[in-house]
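Student: The structure that follows is given in the form of structure tokens.
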Amino acid sequence: MRRLAIVLVLLLPSAASASDGALLHAQKDYLPAAEARYANTPEGAQARYEAGRNLVEAVLAAGPVSAGRRALRADLLARGQAQVARAEGLDRGAGFRSAASLAPLPGANAGVAPRRPDAGLARRLAAAAAKANGAVGIWVHELDSGRYAGYQADSRFAAASTVKIGALVAGLRVSPRPERSRWWYDVRQIGFWSSNLAANRIAGGLGYGAVWDGLRRLGMTSSTYPGPYRATTAWRPPGAHTRVTTAQDLGRALYRLHAGAHGDARVLRLLGLTRRQAVAALRVLASAQPIGDNVGLLQPWLGGATVAQKNGWLSDTRTTAAIVYKGNRATIVVVEAFRPGITYGEARTLGRDVLAAAGLL
């Protein structure tokens, strides 16, 4: 024991010295960009975010430092975090929080894939769609029984933010302990408030091939992810649509994440995720902050039910892809609505009608 104590005494200063050196390298390599001036444009906001995130991650990677370097470490973290916060202020509405606890893992079992088409449910969904003013896509899948039905479920709609699920999976696959990964902050922001900045950082850092692979592994074969999102859309509407998805693609993705998080080995192989990574994905989606449009089209009608969801909204498209955990039931419900000028209220009413058709009200 005495020899071990001597060895530890000899090694600890060396470890602290190495961490001090890494901290100084982080200061030299990343602080200048974090101190630079950036315009309040989409490109400027993204560059500001990248600079701040790079500095923060480099400081965290340096590890614990000696007492004499702790003030420098705290200062560098604060500078990086300030740049990130300024960029995020341009990319989201008021009320969202970047630091929040994750929701607990919802659900109790893996469920089954869609295997029992329900003609009566299909008729009810068609009737709900007929009351809407515009194009509608719907997918409903009851996980415990495998009962399912859809309406225009294979029709392509503008994806908006829903295909960020591909970036989320790409960010999680990097590390067997995703909460210790340099992409963990970005993954959580995609779930919390649908950050364009975070999705772009993951796609830029890991490559768009990794995001496309994430979509493929989720089973989203009719969905596209053609390039970066435009930061600052909280201030300005996006341009022409270049991303598409379908209700069934989104439903398939949610089923795989739920089944993987609850231990379905076959689905985990398809996803290329460990169960720990799949659990993280589902918890992140269950942590979407119910503010503004991110409340989605279903949650307003569901009382205290747990909802794991990814929402997307544009000036002409409103989409919610969700797993509704209510009582002992877990049901995937995807609602897509399109019409130039469609309002949140109109789309939310459609969401209520779909929930009623599915027997969830």
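All residue names refer to the structure tokens as shown: chains lettered A, B, ... in order, residues numbered from 1 in each chain, ligands numbered from 1 in order.
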For the helix (DSSP H, G or I) assignment from backbone DSSP, which residues of segment 24-163 of chain A qualify? Please present them as an MDAnalysis selection string.

Tutor: chainID A and resid 24:35 42:62 67:91 119:130

Student: Any chance you could tabulate, as a Markdown table, the residues of segment 80-159 of chain A at most 8 Å from segment 338-343 of chain A with each one's nearest atom pair and distance in Å to one decimal, using only C-alpha atoms, in chain and rising number order?

Tutor:
| residue | atom | partner | partner_atom | distance |
| --- | --- | --- | --- | --- |
| A:Asn133 | CA | A:Arg339 | CA | 7.4 |
| A:Gly134 | CA | A:Arg339 | CA | 5.0 |
| A:Ala135 | CA | A:Phe338 | CA | 5.1 |
| A:Val136 | CA | A:Phe338 | CA | 6.4 |
| A:Phe157 | CA | A:Phe338 | CA | 7.5 |

Student: Calculated over only C-alpha atoms, which of the candidates A:Arg73, A:His262, A:Arg48, A:Arg275 has the smallest distance to Ala26 of chain A?

Tutor: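 Looking only at the distances to Ala26 of chain A, the closest residue turns out to be A:Arg73.
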
Student: Check the DSSP output for the backbone and give back, as a PyMOL selection string, the residues of segment 121-336 of chain A in strand (DSSP E).

Tutor: chain A and resi 135-142+147-151+157-158+244-245+306-313+317-326+329-336

Student: For Ala82 of chain A, which of A:Arg53, A:Ala278, A:Leu206, A:Tyr148 is the closest residue, counting only C-alpha atoms?

Tutor: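 Checking each candidate against Ala82 of chain A, we get A:Arg53 as the closest.
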
Student: Could you tell me how far atom CA of Arg180 of chain A sits from atom CA of Gln309 of chain A, in Å to one decimal place?

Tutor: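 Between atom CA of Gln309 of chain A and atom CA of Arg180 of chain A the gap is 23.7 Å.
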